[in-house]
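Novice: My questions all concern the structure below.
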Amino acid sequence: MNKAIGILEVSIAKALSELYSISNAPIPIQKTRNEFEGDYTLTTFAYTKETKKKPEDLGNEIGNYLVKNNSNISAFNVVKGFLNISFNDAYWCNYLSAVVSEKYTGFKKQNSSGRTVLLEYSSPNTNKPLHLGHIRNNLLGWSVAEILKANGHKVIKTNIVNDRGIHICKSMLAWQKWGNGETPSSSGIKGDHLVGKYYVEFDKAFKKEINELVEKGLNKEEAEKKAPLIIEAQEMLQKWEKGDTEVKELWKTMNSWVYAGFDVTYKTLGVEFDNIYYESETYIKGKDIVTDGLAKGVFVKKEDGSVRIDLTADGLDEKVVLRADGTSVYITQDLGTAVLRFNDFPDLSQAIYTVGNEQEYHFKVLFLILDKLGYKWAKECYHLSYGMVELPEGKMKSREGTVVDADDLLEEMFATSKQTTAELGKVEGFSDAELEELYRTIGLGALKYFMLKVDPKKKMLFNPKESIDFNGHTGPFIQYTHARIKSILRKANEQNIPVIVSKDLNQINSLERDLIKFIYEFEHTVEESGATYSPALIANFVYELTKTFSRYYHDHSILKEENETVKQFRLALIEQCAHIISNGMHLLGIKVPEKM
RNA sequence: GGUCCCGUAGCUCAGCUGGAUAGAGCACAAGUUUUCUAAACUUGCGGUCCUUGGUUCGAUUCCAAGCGGGAUCACCA
């Protein structure tokens with residue numbers, strides 16, 4: 001809740017009541033647009049009917065009332081039906097003065113909301129390395145988790161590793177057939193990439209078989225079911241579910257390669273998990289639930305042996321929850337995982353699934369089935385759905401090799417940041433280790449900001465031919481601005497200049513006023529981004545603040561200001577700006593350097 | 001075909017529960033540095049907010065239809 005708006009609402013309500021005997025009318029307040037004088041604007045059109053007055057007259061009358069009756073309000077102006085209201089400088093200075101020593105302005109106290117939220121993100125398959133789509137998922141999940149924490153919730157970051165299923169068997173089978181015992185250490189290939197290589201090889205051979213069958217006269221659908229390779233993979237899956245030692249051993253070995261690879265990528269990306277679930281463990285629970293559901297009559301067993309649920313009455317379709325051969329499908333595992341989680345964390349207020357929007361139907365079905373099974377918490381499950389990352393030629397297809405590999409992209413970002421930094425030549429006095437860290441910070445800053453500034457719900461475009469920018473509306477620009485502020489603060493500290501807002505200060509300029517308002521509004525943006533699960537709101541807010549600061553920096557000197565009171569105030573102001581930038585970027589998982 | 005999402009400047013994106021002359025960045029053109037870091041700042045160029053209706057004092061925003069693009073409706077995950 002924005003306090004200034006609250007104050008205004010109360011005063012305006014009184015004005016309406018005293019001047020026109022209007023009560024309970026809506027009070028539409030918005031921020032005053034930049035080109036007009038004022039902080040907040042009331043639109044007065046809505047009151048013309050009841051009062052039979054012109055909007056301009058209403059504006060003037062209400063404005064006069066406010067200035068007379070509210071000591072925080074110093075001025076107003078009226079443009080047509082818009083009453084632009086200004087709070088006085090003292091109001092804004094008092095605000096800054098109140099938060100001057102705070103480091104986490106706008107954040108709620110840790111765990112103060114009493115809510116515990118489990119947030120799942122990443123959710124990789126162990127048959128291929130991570131790509132750009134996973135990067136969006138990881139960054140989004142991490143960021144939303146941090147935003148929810150800043151809103152006072154307790155957050156459990158979790159990962160569900162899809163480590164079993166037919167797709168894993170494909171990689172395993174291909175390796176068995178054509179691998180010649182190749183391992184990450186023998187080949188020097190990162191484990192997840194090595195396994196991914198065999199997944200691609202399976203697919204190539206599989207497609208070849210399909211084509212051969214089609215030439216022999218089968219239609220494509222039949223061919224896809226009858227190709228020897230897929231039948232072999234299915235047999236392997238059955239063996240796996242029966243606990244065949246040889247298959248399990250191979251599975252364990254190959255998965256361990258993948259995990260070692262993922263760990264490297266996660267570490268580079270800077271994401272972590274509080275706990276990790278494996279579907280190889282949760283699918284059994286899923287099968288139990290299907291058995292229970294059968295007994296309860298929620299599910300039905302068909303003649304062919306498959307278990308299904310009819311959701312047509314809910315506008316959905318019939319859904320298989322267990323295959324005819326008794327093996328589990330995707331949703332079986334998800335049922336098991338969900339129940340396990342709420343068993344493991346009985347005080348969960350909410351479970352959030354960070355998964356792409358192509359699975360919206362799946363989650364609709366999943367949550368509905370959980371509800372029908374009688375789990376009260378089913379309505380607390382939320383699908384944090386985000387748009388796909390697309391290339392200029394369309395969707396990325398891992399089987400067609402058109403994916404942007406996560407590791408490659410990260411390396412590219414680091415190389416670019418190194419090159420750019422070298423060209424600008426401002427890193428005198430940095431040690432090699434500091435330089436290395438700076439390159440990573442800036443490269444990651446560019447990538448993360450690029451991905452998080454876009455509304456998560458929308459699909460986003462990535463053009464590999466155009467490298468991610470380091471100028472303009474970008475992470476590095478924000479990082480750079482932070483470094484500039486820190487540089488001034490270091491110098492002020494060396495000169496022992498106090499950082500305080502004096503009561504003697506009687507005037508601030510309009511950019512200073514704007515900056516204080518940014519600090520003031522950060523809290524609201526944190527709440528809003530938490531309520532809408534949108535890091536983009538934070539990203540765009542921080543950019544606007546940074547841009548305003550840059551103009552201020554350009555137009556007004558801080559350390560050369562002659563008036564000591566003003567200088568100290570300015571230091572206090574920019575220190576808070578640095579905090580907001582730093583904290584805002586933290587919510588995006590982006591570090592900000594002290595120097596760059 | 002059913003359901004859902006999207007359509008804003010040449011490109012990538014903002015635009016909060018309906019409000020003023022629709023904003024940024026990139027690209028393009030021009031300018032700013034003996035002054036706290038030029039990864040910056042300033043100016044210019046650039047728009048049928050997909051189309052047509054409707055609701056409203058007021059619609060990029062809400063509703064309907066149409067056009068265009070995408071996702072999904074698997075015993076894949």
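Every chain in the structure tokens has a letter given in the order shown (A, B, ...), and although residue numbers restart at 1 in each chain, ligands are simply numbered from 1 in the order shown.
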Please report as a PyMOL selection string which residues of chain A come no farther than 7 Å from chain B, using only C-alpha atoms (C1' of nucleotides).
Specialist: chain A and resi 45+320+323-324+330+358+361+454+470-473+476-477+480+484+488+551+554+557-559
Novice: Which of stretch 327-376 of chain A end up as alpha helix (DSSP H) when DSSP is run on this backbone - answer as number ranges by chain?
Specialist: A: 330-344, 360-372
Novice: Please run DSSP on the backbone and report, as a PyMOL selection string, all residues within stretch 5-247 of chain A that come out as strand (DSSP E or B).
Specialist: chain A and resi 29-31+40-43+73-79+82-87+116-120+125+131+154-162
Novice: Could you check which of A:Gly59, A:His524, A:Gln419, A:Gly429 is closest to A:Ile5, using only C-alpha atoms?
Specialist: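 That would be A:His524, the residue with the smallest distance to A:Ile5.
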Novice: Please compute the atom CA of A:Ile166-atom CA of A:Ser328 distance, one decimal, in Å.
Specialist: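 So the two atoms, atom CA of A:Ile166 and atom CA of A:Ser328, lie 10.2 Å apart.
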Novice: Of the candidates B:G53, B:G66, B:G46, B:G1, which one gets nearest to B:A29 if we count only C-alpha atoms (C1' of nucleotides)?
Specialist: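 Answer, going by the shortest atom-to-atom distance: B:G46.
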